>>> print(open('entry-v4.pdb').read())   # PDB, C-alpha atoms and all ligand atoms
ATOM      1  CA  MET A 928    -164.028-113.398  19.759
ATOM      2  CA  LYS A 929    -163.256-114.495  23.309
ATOM      3  CA  ILE A 930    -162.946-111.341  25.400
ATOM      4  CA  GLY A 931    -162.022-110.704  29.041
ATOM      5  CA  PHE A 932    -163.540-107.535  30.566
ATOM      6  CA  ILE A 933    -162.243-106.256  33.888
ATOM      7  CA  GLY A 934    -163.997-103.357  35.612
ATOM      8  CA  LEU A 935    -167.752-103.570  35.061
ATOM      9  CA  GLY A 936    -168.742-100.181  36.484
ATOM     10  CA  ASN A 937    -170.745 -97.315  34.992
ATOM     11  CA  MET A 938    -168.789 -97.459  31.754
ATOM     12  CA  GLY A 939    -167.510-101.045  31.642
ATOM     13  CA  ALA A 940    -170.880-102.769  32.167
ATOM     14  CA  PRO A 941    -172.664-101.231  29.162
ATOM     15  CA  MET A 942    -169.542-101.611  26.988
ATOM     16  CA  ALA A 943    -169.347-105.320  27.860
ATOM     17  CA  ALA A 944    -173.093-105.669  27.212
ATOM     18  CA  ASN A 945    -172.654-104.227  23.721
ATOM     19  CA  LEU A 946    -169.910-106.750  22.967
ATOM     20  CA  VAL A 947    -172.196-109.591  24.093
ATOM     21  CA  ASN A 948    -175.051-108.244  21.958
ATOM     22  CA  ALA A 949    -172.710-108.255  18.952
ATOM     23  CA  GLY A 950    -172.120-111.980  19.494
ATOM     24  CA  HIS A 951    -168.812-112.005  21.377
ATOM     25  CA  ASP A 952    -168.056-114.386  24.211
ATOM     26  CA  VAL A 953    -167.316-112.145  27.230
ATOM     27  CA  SER A 954    -165.917-113.245  30.579
ATOM     28  CA  GLY A 955    -165.919-110.388  33.106
ATOM     29  CA  PHE A 956    -164.666-109.518  36.563
ATOM     30  CA  ASP A 957    -165.233-106.708  39.041
ATOM     31  CA  THR A 958    -164.300-106.499  42.723
ATOM     32  CA  LEU A 959    -167.916-105.522  43.421
ATOM     33  CA  GLU A 960    -170.642-108.087  42.951
ATOM     34  CA  VAL A 961    -172.065-107.186  39.561
ATOM     35  CA  THR A 962    -174.202-108.850  36.936
ATOM     36  CA  VAL A 963    -174.230-107.904  33.287
ATOM     37  CA  GLU A 964    -176.635-109.805  31.055
ATOM     38  CA  GLY A 965    -174.779-112.298  28.902
ATOM     39  CA  VAL A 966    -171.406-111.749  30.618
ATOM     40  CA  ASP A 967    -169.967-114.786  32.358
ATOM     41  CA  ILE A 968    -168.655-113.458  35.713
ATOM     42  CA  ALA A 969    -165.281-115.015  36.616
ATOM     43  CA  GLU A 970    -163.964-115.488  40.147
ATOM     44  CA  CYS A 971    -160.912-113.248  39.645
ATOM     45  CA  ALA A 972    -159.288-111.013  37.032
ATOM     46  CA  ALA A 973    -156.830-113.728  35.969
ATOM     47  CA  ALA A 974    -159.685-116.169  35.363
ATOM     48  CA  ALA A 975    -161.468-113.623  33.133
ATOM     49  CA  ALA A 976    -158.247-112.999  31.178
ATOM     50  CA  ARG A 977    -157.086-116.574  30.673
ATOM     51  CA  GLY A 978    -157.642-117.797  27.105
ATOM     52  CA  ALA A 979    -159.033-114.463  25.866
ATOM     53  CA  GLU A 980    -157.917-112.957  22.544
ATOM     54  CA  VAL A 981    -158.479-109.450  23.916
ATOM     55  CA  VAL A 982    -158.647-108.336  27.555
ATOM     56  CA  ILE A 983    -160.278-104.959  28.148
ATOM     57  CA  THR A 984    -159.781-103.041  31.392
ATOM     58  CA  MET A 985    -162.091-100.164  32.429
ATOM     59  CA  LEU A 986    -160.825 -99.186  35.858
ATOM     60  CA  PRO A 987    -160.851 -96.090  38.086
ATOM     61  CA  ASN A 988    -157.172 -95.079  37.946
ATOM     62  CA  GLY A 989    -153.581 -95.947  37.025
ATOM     63  CA  THR A 990    -152.659 -97.585  40.348
ATOM     64  CA  ILE A 991    -155.528-100.057  40.095
ATOM     65  CA  MET A 992    -154.867-100.613  36.390
ATOM     66  CA  ARG A 993    -151.200-101.460  37.163
ATOM     67  CA  ASP A 994    -152.248-103.949  39.870
ATOM     68  CA  VAL A 995    -154.711-105.651  37.543
ATOM     69  CA  ALA A 996    -152.142-105.699  34.727
ATOM     70  CA  ALA A 997    -149.602-107.407  37.018
ATOM     71  CA  GLU A 998    -152.173-110.085  37.761
ATOM     72  CA  ILE A 999    -153.339-110.777  34.213
ATOM     73  CA  ILE A1000    -150.310-110.255  31.943
ATOM     74  CA  PRO A1001    -148.608-113.491  33.107
ATOM     75  CA  VAL A1002    -151.702-115.600  32.353
ATOM     76  CA  MET A1003    -152.696-114.073  29.011
ATOM     77  CA  ASP A1004    -152.213-115.991  25.751
ATOM     78  CA  LYS A1005    -149.222-114.905  23.629
ATOM     79  CA  SER A1006    -150.201-112.326  20.970
ATOM     80  CA  ALA A1007    -153.471-111.519  22.781
ATOM     81  CA  VAL A1008    -154.214-107.793  23.191
ATOM     82  CA  PHE A1009    -154.200-105.946  26.499
ATOM     83  CA  LEU A1010    -156.648-103.096  25.801
ATOM     84  CA  ASP A1011    -156.886-100.501  28.558
ATOM     85  CA  CYS A1012    -159.833 -98.109  28.091
ATOM     86  CA  SER A1013    -159.518 -96.448  31.531
ATOM     87  CA  THR A1014    -158.322 -92.860  31.841
ATOM     88  CA  VAL A1015    -154.919 -93.134  33.546
ATOM     89  CA  ASP A1016    -151.634 -91.258  33.802
ATOM     90  CA  LEU A1017    -149.240 -91.538  30.882
ATOM     91  CA  ASP A1018    -146.513 -93.246  32.908
ATOM     92  CA  SER A1019    -148.843 -96.071  33.916
ATOM     93  CA  ALA A1020    -150.068 -96.453  30.329
ATOM     94  CA  ARG A1021    -146.542 -96.626  28.906
ATOM     95  CA  GLU A1022    -145.042 -98.859  31.589
ATOM     96  CA  VAL A1023    -147.883-101.387  31.463
ATOM     97  CA  ALA A1024    -147.725-101.446  27.651
ATOM     98  CA  GLN A1025    -144.006-102.189  27.889
ATOM     99  CA  GLN A1026    -144.587-105.015  30.386
ATOM    100  CA  ALA A1027    -147.295-106.478  28.136
ATOM    101  CA  GLU A1028    -145.068-106.325  25.075
ATOM    102  CA  GLN A1029    -142.165-107.912  26.952
ATOM    103  CA  ALA A1030    -144.541-110.780  27.762
ATOM    104  CA  GLY A1031    -145.278-111.228  24.042
ATOM    105  CA  LEU A1032    -148.643-109.454  24.076
ATOM    106  CA  LEU A1033    -149.957-106.534  22.045
ATOM    107  CA  ALA A1034    -150.903-103.455  24.092
ATOM    108  CA  VAL A1035    -153.289-100.621  23.261
ATOM    109  CA  ASP A1036    -154.301 -97.708  25.489
ATOM    110  CA  ALA A1037    -157.668 -96.380  24.341
ATOM    111  CA  PRO A1038    -159.448 -94.022  26.728
ATOM    112  CA  VAL A1039    -162.889 -92.894  25.682
ATOM    113  CA  SER A1040    -165.039 -89.830  25.340
ATOM    114  CA  GLY A1041    -168.834 -89.907  25.365
ATOM    115  CA  GLY A1042    -169.698 -90.798  28.967
ATOM    116  CA  THR A1043    -172.197 -93.350  30.210
ATOM    117  CA  VAL A1044    -174.739 -92.361  27.551
ATOM    118  CA  GLY A1045    -172.196 -93.097  24.804
ATOM    119  CA  ALA A1046    -171.158 -96.336  26.529
ATOM    120  CA  SER A1047    -174.761 -97.583  26.542
ATOM    121  CA  ALA A1048    -175.559 -96.396  23.034
ATOM    122  CA  GLY A1049    -172.282 -97.726  21.579
ATOM    123  CA  THR A1050    -171.330 -94.241  20.403
ATOM    124  CA  LEU A1051    -168.062 -93.667  22.290
ATOM    125  CA  THR A1052    -165.009 -92.075  20.707
ATOM    126  CA  PHE A1053    -161.828 -94.093  21.291
ATOM    127  CA  MET A1054    -158.422 -92.401  21.201
ATOM    128  CA  ALA A1055    -155.849 -95.116  20.873
ATOM    129  CA  GLY A1056    -152.108 -95.501  21.417
ATOM    130  CA  GLY A1057    -150.057 -98.570  20.513
ATOM    131  CA  SER A1058    -148.800-100.583  17.567
ATOM    132  CA  GLU A1059    -150.567-100.852  14.190
ATOM    133  CA  ALA A1060    -150.994-104.588  14.775
ATOM    134  CA  GLY A1061    -152.642-104.057  18.164
ATOM    135  CA  PHE A1062    -154.943-101.344  16.826
ATOM    136  CA  ALA A1063    -155.967-103.459  13.830
ATOM    137  CA  LYS A1064    -156.892-106.378  16.061
ATOM    138  CA  VAL A1065    -159.196-104.347  18.343
ATOM    139  CA  GLU A1066    -160.648-101.983  15.742
ATOM    140  CA  PRO A1067    -163.719-104.207  15.142
ATOM    141  CA  LEU A1068    -164.462-103.955  18.878
ATOM    142  CA  PHE A1069    -164.205-100.157  18.733
ATOM    143  CA  ASP A1070    -166.788-100.267  15.928
ATOM    144  CA  ILE A1071    -169.202-102.060  18.281
ATOM    145  CA  MET A1072    -168.615 -99.953  21.400
ATOM    146  CA  GLY A1073    -168.138 -96.648  19.629
ATOM    147  CA  GLN A1074    -168.720 -94.507  16.589
ATOM    148  CA  LYS A1075    -165.146 -93.368  16.052
ATOM    149  CA  ALA A1076    -161.639 -94.586  16.854
ATOM    150  CA  VAL A1077    -158.534 -92.544  16.156
ATOM    151  CA  HIS A1078    -155.132 -94.219  16.228
ATOM    152  CA  CYS A1079    -153.155 -91.362  17.782
ATOM    153  CA  GLY A1080    -149.649 -92.898  17.826
ATOM    154  CA  GLY A1081    -147.519 -95.155  20.019
ATOM    155  CA  SER A1082    -148.167 -96.259  23.605
ATOM    156  CA  GLY A1083    -149.621 -93.458  25.736
ATOM    157  CA  ALA A1084    -150.773 -91.373  22.755
ATOM    158  CA  GLY A1085    -154.404 -92.205  23.526
ATOM    159  CA  GLN A1086    -154.016 -90.958  27.093
ATOM    160  CA  ALA A1087    -152.237 -87.833  25.835
ATOM    161  CA  ALA A1088    -155.172 -87.046  23.504
ATOM    162  CA  LYS A1089    -157.684 -87.672  26.290
ATOM    163  CA  ILE A1090    -156.087 -85.325  28.821
ATOM    164  CA  CYS A1091    -155.606 -82.571  26.226
ATOM    165  CA  ASN A1092    -159.263 -82.889  25.193
ATOM    166  CA  ASN A1093    -160.495 -82.809  28.774
ATOM    167  CA  MET A1094    -158.278 -79.871  29.694
ATOM    168  CA  ILE A1095    -160.050 -77.949  26.916
ATOM    169  CA  LEU A1096    -163.417 -79.236  28.132
ATOM    170  CA  GLY A1097    -162.820 -78.248  31.779
ATOM    171  CA  ALA A1098    -161.646 -74.777  30.837
ATOM    172  CA  THR A1099    -164.494 -74.119  28.377
ATOM    173  CA  MET A1100    -167.096 -75.345  30.860
ATOM    174  CA  ILE A1101    -165.770 -72.953  33.495
ATOM    175  CA  VAL A1102    -165.757 -69.959  31.179
ATOM    176  CA  THR A1103    -169.202 -70.841  29.808
ATOM    177  CA  CYS A1104    -170.555 -70.925  33.376
ATOM    178  CA  GLU A1105    -168.891 -67.693  34.408
ATOM    179  CA  ALA A1106    -170.202 -66.023  31.249
ATOM    180  CA  PHE A1107    -173.780 -67.062  32.123
ATOM    181  CA  ALA A1108    -173.323 -65.716  35.671
ATOM    182  CA  LEU A1109    -171.940 -62.465  34.245
ATOM    183  CA  ALA A1110    -174.810 -62.244  31.731
ATOM    184  CA  ASP A1111    -177.324 -62.652  34.603
ATOM    185  CA  LYS A1112    -175.772 -59.746  36.470
ATOM    186  CA  LEU A1113    -175.787 -57.652  33.297
ATOM    187  CA  GLY A1114    -179.517 -58.317  32.908
ATOM    188  CA  LEU A1115    -179.110 -60.401  29.744
ATOM    189  CA  ASP A1116    -181.717 -63.117  29.228
ATOM    190  CA  ARG A1117    -180.154 -66.616  29.301
ATOM    191  CA  GLN A1118    -182.021 -67.829  26.241
ATOM    192  CA  LYS A1119    -180.813 -64.787  24.257
ATOM    193  CA  MET A1120    -177.299 -65.428  25.503
ATOM    194  CA  PHE A1121    -177.533 -69.041  24.274
ATOM    195  CA  ASP A1122    -179.047 -68.011  20.923
ATOM    196  CA  VAL A1123    -176.172 -65.624  20.291
ATOM    197  CA  VAL A1124    -173.200 -67.590  21.637
ATOM    198  CA  SER A1125    -174.242 -70.975  20.235
ATOM    199  CA  THR A1126    -174.100 -69.487  16.734
ATOM    200  CA  SER A1127    -171.181 -67.093  17.308
ATOM    201  CA  SER A1128    -167.477 -67.424  17.889
ATOM    202  CA  GLY A1129    -167.948 -68.329  21.574
ATOM    203  CA  TYR A1130    -169.659 -71.600  20.703
ATOM    204  CA  SER A1131    -168.340 -74.840  22.135
ATOM    205  CA  TRP A1132    -169.500 -78.316  23.083
ATOM    206  CA  SER A1133    -170.081 -77.010  26.632
ATOM    207  CA  MET A1134    -172.464 -74.340  25.372
ATOM    208  CA  ASN A1135    -174.061 -76.042  22.378
ATOM    209  CA  ALA A1136    -174.358 -79.696  23.399
ATOM    210  CA  TYR A1137    -174.178 -79.651  27.214
ATOM    211  CA  CYS A1138    -175.489 -76.224  28.169
ATOM    212  CA  PRO A1139    -174.962 -75.648  31.914
ATOM    213  CA  ALA A1140    -178.066 -73.416  32.210
ATOM    214  CA  PRO A1141    -181.295 -75.320  33.029
ATOM    215  CA  GLY A1142    -184.048 -75.099  30.421
ATOM    216  CA  ILE A1143    -181.719 -73.738  27.746
ATOM    217  CA  GLY A1144    -180.372 -75.652  24.741
ATOM    218  CA  PRO A1145    -180.560 -79.447  24.440
ATOM    219  CA  GLN A1146    -181.304 -81.670  27.441
ATOM    220  CA  SER A1147    -178.316 -81.813  29.780
ATOM    221  CA  PRO A1148    -177.580 -82.599  33.459
ATOM    222  CA  ALA A1149    -178.546 -78.968  34.254
ATOM    223  CA  ASP A1150    -182.130 -80.020  33.461
ATOM    224  CA  ASN A1151    -181.852 -82.830  35.983
ATOM    225  CA  GLY A1152    -180.641 -80.975  39.084
ATOM    226  CA  TYR A1153    -177.003 -81.337  37.955
ATOM    227  CA  GLN A1154    -176.930 -85.071  38.601
ATOM    228  CA  PRO A1155    -173.985 -86.493  36.628
ATOM    229  CA  GLY A1156    -173.496 -86.961  33.651
ATOM    230  CA  PHE A1157    -169.847 -86.410  34.073
ATOM    231  CA  ALA A1158    -169.101 -85.873  37.750
ATOM    232  CA  ALA A1159    -167.013 -82.887  38.863
ATOM    233  CA  GLU A1160    -164.579 -85.228  40.647
ATOM    234  CA  LEU A1161    -163.909 -87.089  37.383
ATOM    235  CA  MET A1162    -163.169 -83.789  35.682
ATOM    236  CA  LEU A1163    -160.821 -82.965  38.558
ATOM    237  CA  LYS A1164    -159.070 -86.315  38.089
ATOM    238  CA  ASP A1165    -158.506 -85.590  34.386
ATOM    239  CA  LEU A1166    -157.310 -82.023  35.022
ATOM    240  CA  ARG A1167    -154.815 -83.372  37.558
ATOM    241  CA  LEU A1168    -153.584 -85.926  35.026
ATOM    242  CA  ALA A1169    -153.144 -83.091  32.520
ATOM    243  CA  GLN A1170    -151.122 -81.016  35.016
ATOM    244  CA  HIS A1171    -149.021 -84.013  36.003
ATOM    245  CA  ALA A1172    -148.249 -84.654  32.338
ATOM    246  CA  ALA A1173    -147.570 -80.952  31.667
ATOM    247  CA  GLU A1174    -145.097 -80.815  34.545
ATOM    248  CA  SER A1175    -143.287 -83.923  33.314
ATOM    249  CA  VAL A1176    -142.567 -82.302  29.927
ATOM    250  CA  ASP A1177    -142.248 -78.655  31.093
ATOM    251  CA  ALA A1178    -145.332 -77.453  29.178
ATOM    252  CA  ASP A1179    -146.808 -74.089  30.178
ATOM    253  CA  THR A1180    -150.572 -74.616  30.747
ATOM    254  CA  PRO A1181    -151.813 -71.678  32.846
ATOM    255  CA  ILE A1182    -155.515 -72.024  32.013
ATOM    256  CA  GLY A1183    -155.441 -75.789  32.561
ATOM    257  CA  LYS A1184    -153.756 -75.188  35.920
ATOM    258  CA  LEU A1185    -156.374 -72.674  36.980
ATOM    259  CA  ALA A1186    -159.164 -75.010  35.843
ATOM    260  CA  GLN A1187    -157.645 -77.723  38.043
ATOM    261  CA  ARG A1188    -157.567 -75.358  41.036
ATOM    262  CA  LEU A1189    -161.174 -74.320  40.525
ATOM    263  CA  TYR A1190    -162.432 -77.908  40.266
ATOM    264  CA  ALA A1191    -160.317 -78.883  43.312
ATOM    265  CA  GLN A1192    -161.923 -76.091  45.308
ATOM    266  CA  PHE A1193    -165.382 -76.993  44.020
ATOM    267  CA  VAL A1194    -165.037 -80.734  44.766
ATOM    268  CA  GLU A1195    -163.006 -80.633  47.973
ATOM    269  CA  ASN A1196    -164.018 -77.394  49.747
ATOM    270  CA  GLU A1197    -167.499 -76.704  48.368
ATOM    271  CA  ASP A1198    -170.510 -78.792  47.320
ATOM    272  CA  GLY A1199    -169.214 -80.066  43.976
ATOM    273  CA  LYS A1200    -168.589 -83.724  44.855
ATOM    274  CA  GLY A1201    -171.208 -85.963  43.296
ATOM    275  CA  ARG A1202    -172.582 -83.162  41.116
ATOM    276  CA  ASP A1203    -172.164 -82.807  37.397
ATOM    277  CA  PHE A1204    -169.148 -80.774  36.299
ATOM    278  CA  SER A1205    -171.524 -78.179  34.783
ATOM    279  CA  ALA A1206    -172.756 -77.340  38.317
ATOM    280  CA  MET A1207    -170.033 -74.687  38.178
ATOM    281  CA  LEU A1208    -172.882 -72.406  37.011
ATOM    282  CA  PRO A1209    -174.865 -72.354  40.302
ATOM    283  CA  ARG A1210    -171.473 -72.023  42.029
ATOM    284  CA  PHE A1211    -170.653 -68.831  40.110
ATOM    285  CA  GLU A1212    -174.205 -67.497  40.565
ATOM    286  CA  LYS A1213    -173.631 -67.360  44.344
ATOM    287  CA  ARG A1214    -170.301 -65.595  44.137
ATOM    288  CA  GLY A1215    -168.980 -62.106  43.653
ATOM    289  CA  ARG A1216    -165.513 -60.871  42.779
ATOM    290  CA  GLY A1217    -162.701 -61.268  45.253
ATOM    291  CA  SER A1218    -163.132 -64.982  45.914
ATOM    292  CA  GLU A1219    -159.973 -66.379  44.371
ATOM    293  CA  PRO A1220    -159.380 -70.144  44.130
ATOM    294  CA  ARG A1221    -156.943 -71.685  46.572
ATOM    295  CA  SER A1222    -153.388 -71.744  45.383
ATOM    296  CA  ASP A1223    -152.326 -75.429  45.328
TER     297      ASP A1223
HETATM  298  P1  LIG B1301    -166.674 -96.863  37.962
HETATM  299  O1  LIG B1301    -166.097 -96.555  39.294
HETATM  300  O2  LIG B1301    -168.160 -96.864  37.793
HETATM  301  O3  LIG B1301    -166.157 -98.314  37.473
HETATM  302  C1  LIG B1301    -164.910 -98.848  37.774
HETATM  303  C2  LIG B1301    -165.129-100.288  38.210
HETATM  304  O4  LIG B1301    -163.876-100.907  38.459
HETATM  305  C3  LIG B1301    -165.951-100.411  39.495
HETATM  306  O5  LIG B1301    -167.083-101.223  39.273
HETATM  307  C4  LIG B1301    -164.973-101.044  40.483
HETATM  308  O6  LIG B1301    -165.598-101.922  41.410
HETATM  309  C5  LIG B1301    -164.064-101.784  39.546
HETATM  310  N1  LIG B1301    -162.767-102.131  40.126
HETATM  311  C6  LIG B1301    -161.993-101.390  40.979
HETATM  312  N2  LIG B1301    -160.866-102.059  41.281
HETATM  313  C7  LIG B1301    -160.934-103.247  40.610
HETATM  314  C8  LIG B1301    -160.058-104.363  40.517
HETATM  315  N3  LIG B1301    -158.896-104.402  41.166
HETATM  316  N4  LIG B1301    -160.453-105.404  39.746
HETATM  317  C9  LIG B1301    -161.628-105.375  39.076
HETATM  318  N5  LIG B1301    -162.504-104.333  39.126
HETATM  319  C10 LIG B1301    -162.150-103.296  39.890
HETATM  320  O7  LIG B1301    -165.984 -95.879  36.934
HETATM  321  P2  LIG B1301    -166.452 -95.557  35.421
HETATM  322  O8  LIG B1301    -167.293 -94.338  35.425
HETATM  323  O9  LIG B1301    -166.938 -96.813  34.803
HETATM  324  O10 LIG B1301    -165.049 -95.106  34.792
HETATM  325  C11 LIG B1301    -164.064 -96.055  34.408
HETATM  326  C12 LIG B1301    -162.944 -95.324  33.706
HETATM  327  O11 LIG B1301    -163.455 -94.628  32.580
HETATM  328  C13 LIG B1301    -162.244 -94.268  34.569
HETATM  329  O12 LIG B1301    -160.878 -94.322  34.311
HETATM  330  C14 LIG B1301    -162.875 -92.963  34.111
HETATM  331  O13 LIG B1301    -162.017 -91.857  34.285
HETATM  332  C15 LIG B1301    -163.114 -93.251  32.649
HETATM  333  N6  LIG B1301    -164.199 -92.474  32.032
HETATM  334  C16 LIG B1301    -165.385 -92.330  32.661
HETATM  335  C17 LIG B1301    -166.397 -91.591  32.058
HETATM  336  C18 LIG B1301    -167.743 -91.409  32.720
HETATM  337  O14 LIG B1301    -168.530 -90.572  32.250
HETATM  338  N7  LIG B1301    -168.055 -92.156  33.771
HETATM  339  C19 LIG B1301    -166.179 -91.006  30.793
HETATM  340  C20 LIG B1301    -164.953 -91.217  30.150
HETATM  341  C21 LIG B1301    -163.965 -91.948  30.790
END
>>> encode(input="entry-v4.pdb", output="structure tokens")
Amino acid sequence: MKIGFIGLGNMGAPMAANLVNAGHDVSGFDTLEVTVEGVDIAECAAAAARGAEVVITMLPNGTIMRDVAAEIIPVMDKSAVFLDCSTVDLDSAREVAQQAEQAGLLAVDAPVSGGTVGASAGTLTFMAGGSEAGFAKVEPLFDIMGQKAVHCGGSGAGQAAKICNNMILGATMIVTCEAFALADKLGLDRQKMFDVVSTSSGYSWSMNAYCPAPGIGPQSPADNGYQPGFAAELMLKDLRLAQHAAESVDADTPIGKLAQRLYAQFVENEDGKGRDFSAMLPRFEKRGRGSEPRSD
């Protein structure tokens, strides 16, 4: 298949490389000077998109995704698929899908879970929104870049699934970290805490697969000085998207809101920027009661 790939960053580059390794013809573009083995680097986004059957975008946010969409939709072949794998706000996902469809294209929003490790290994989970026809056309590409793809519904449904998932993730990581800090103060050994919780009703992905305590459980960023992994600022971005979406539909999400406040404080007022999102544990270790998060 002839594929355009725009946004060859931490996620996009290994995803594009996997498509090349599976025999696809990939033309890529990034505003930074990048090289990805086997990817033909075009001089602009429109050049990468022209003549492609599928154009994949993997960009930092909705504003940038909208700008790129405005540039490439007019030059894309009719009935080609615009496949956005970035994590963006629902409004951007839906409006761009509508513009693409009005131009005679198919549009799929398919944000991912699995991080840079999953992008390299081709084990991402894709959560997709869009038409059956669009999903069917890109499903073979999901099989290459990932291990699972769920068609969640119409345009924006993929983004809705992503922000709900990451709201759960942010909240469970915080409570897992605060529980470790509490256990320390209660004199409970961390390994014993892990042994109990990981096989009891408090288990979660944060505890079992990505334990925030160094030297406990499987290898995780905690064992590597809390280098990301999944950076705290990316978690903050997703929690903000979740709150923005919750406000737009009048959904009551008090824990998600508090998680957003805590990550905002951690990233913007403390030392969280550039650290893994599980570095909430050393943050809680240093604190006592009475230090409430800021109120915005
Ligand atoms: P990144 O910043 O490493 O990559 C984004 C790339 O887009 C950069 O290389 C940047 O130069 C490029 N770019 C910016 N503006 C551009 C433009 N106008 N035209 C072309 N290229 C442009 O980010 P990432 O970690 O690869 O994340 C990409 C998306 O995936 C984000 O939406 C993020 O939320 C989501 N995501 C990331 C992870 C993760 O663990 N990193 C996990 C799941 C989802």
>>> closest_residue(input="entry-v4.pdb", among="A:Glu1022, A:Asp1036, A:Asp1198, A:Asp1179", to="ligand LIG 1301 (chain B)", atoms="only C-alpha atoms and all ligand atoms")
A:Asp1036
>>> resolve_selection(input="entry-v4.pdb", expression="the PyMOL selection byres (((chain A and resi 959-975) around 10) and not hetatm)", output="ChimeraX atom specification")
/A:930-936,939-941,943-948,950-958,976-979,982,984,995-1003
>>> closest_residue(input="entry-v4.pdb", among="A:Gln1187, A:Pro1038, A:Pro987, A:Val1044", to="Ser1147 in chain A", atoms="all atoms listed in the file")
A:Val1044
>>> residues_around(input="entry-v4.pdb", residues="Ala1108 in chain A", least_positions_apart="2", cutoff="7 Å", atoms="all atoms listed in the file", output="PDB file with C-alpha atoms, keeping the file's coordinate frame")
ATOM      1  CA  CYS A1104    -170.555 -70.925  33.376  1.00  0.00           C
ATOM      2  CA  GLU A1105    -168.891 -67.693  34.408  1.00  0.00           C
ATOM      3  CA  ALA A1106    -170.202 -66.023  31.249  1.00  0.00           C
ATOM      4  CA  ALA A1110    -174.810 -62.244  31.731  1.00  0.00           C
ATOM      5  CA  ASP A1111    -177.324 -62.652  34.603  1.00  0.00           C
ATOM      6  CA  LYS A1112    -175.772 -59.746  36.470  1.00  0.00           C
ATOM      7  CA  LEU A1208    -172.882 -72.406  37.011  1.00  0.00           C
ATOM      8  CA  PHE A1211    -170.653 -68.831  40.110  1.00  0.00           C
ATOM      9  CA  GLU A1212    -174.205 -67.497  40.565  1.00  0.00           C
TER      10      GLU A1212
END
>>> residues_around(input="entry-v4.pdb", residues="Gln1086 in chain A", least_positions_apart="5", cutoff="8 Å", atoms="all atoms listed in the file", output="short mmCIF file (atom, residue, chain, number, x, y, z; two decimals) with C-alpha atoms, in the frame of the given file")
data_model
loop_
_atom_site.label_atom_id
_atom_site.label_comp_id
_atom_site.auth_asym_id
_atom_site.auth_seq_id
_atom_site.Cartn_x
_atom_site.Cartn_y
_atom_site.Cartn_z
CA THR A 1014 -158.32 -92.86 31.84
CA VAL A 1015 -154.92 -93.13 33.55
CA ASP A 1016 -151.63 -91.26 33.80
CA LEU A 1017 -149.24 -91.54 30.88
CA ALA A 1020 -150.07 -96.45 30.33
CA ASP A 1036 -154.30 -97.71 25.49
CA ALA A 1037 -157.67 -96.38 24.34
CA PRO A 1038 -159.45 -94.02 26.73
CA MET A 1054 -158.42 -92.40 21.20
CA ALA A 1055 -155.85 -95.12 20.87
CA GLY A 1056 -152.11 -95.50 21.42
#
>>> closest_residue(input="entry-v4.pdb", among="A:Gly1083, A:Gly1073, A:Pro1209, A:Gly1217", to="Leu1051 in chain A", atoms="all atoms listed in the file")
A:Gly1073
>>> closest_residue(input="entry-v4.pdb", among="A:Met942, A:Ala1158, A:Ile991, A:Ala1169", to="Ser1047 in chain A", atoms="all atoms listed in the file")
A:Met942
>>> residues_around(input="entry-v4.pdb", residues="Arg1117 in chain A", least_positions_apart="6", cutoff="12 Å", atoms="only C-alpha atoms", output="list in words")
Thr1103, Cys1104, Ala1106, Phe1107, Ala1108, Leu1109, Ala1110, Asp1111, Val1123, Val1124, Ser1125, Met1134, Cys1138, Pro1139, Ala1140, Pro1141, Gly1142, Ile1143 and Gly1144 of chain A
>>> residues_around(input="entry-v4.pdb", residues="Ala1178 in chain A", least_positions_apart="6", cutoff="12 Å", atoms="all atoms listed in the file", output="PDB file with C-alpha atoms, in the coordinates of the input")
ATOM      1  CA  CYS A1091    -155.606 -82.571  26.226  1.00  0.00           C
ATOM      2  CA  ALA A1169    -153.144 -83.091  32.520  1.00  0.00           C
ATOM      3  CA  GLN A1170    -151.122 -81.016  35.016  1.00  0.00           C
ATOM      4  CA  HIS A1171    -149.021 -84.013  36.003  1.00  0.00           C
ATOM      5  CA  ALA A1172    -148.249 -84.654  32.338  1.00  0.00           C
ATOM      6  CA  LYS A1184    -153.756 -75.188  35.920  1.00  0.00           C
TER       7      LYS A1184
END
>>> closest_residue(input="entry-v4.pdb", among="A:Ala949, A:Ile1101, A:Leu1168, A:Met1207", to="Leu1185 in chain A", atoms="all atoms listed in the file")
A:Ile1101
>>> resolve_selection(input="entry-v4.pdb", expression="the PyMOL selection byres (((chain A and resi 1027) around 10) and not hetatm)", output="ChimeraX atom specification")
/A:996-997,999-1001,1003,1005-1009,1021-1026,1028-1035
>>> resolve_selection(input="entry-v4.pdb", expression="the PyMOL selection byres (((chain A and resi 1199-1204) around 10) and not hetatm)", output="VMD selection string")
chain A and resid 1097 1100 to 1101 1139 1147 to 1149 1151 to 1163 1190 to 1198 1205 to 1208 1210
>>> axis_aligned_box(input="entry-v4.pdb", around="ligand LIG 1301 (chain B)", padding_each_side="6 Å", output="JSON")
{"center_x": -163.7, "center_y": -98.0, "center_z": 35.8, "size_x": 21.6, "size_y": 26.8, "size_z": 23.3}
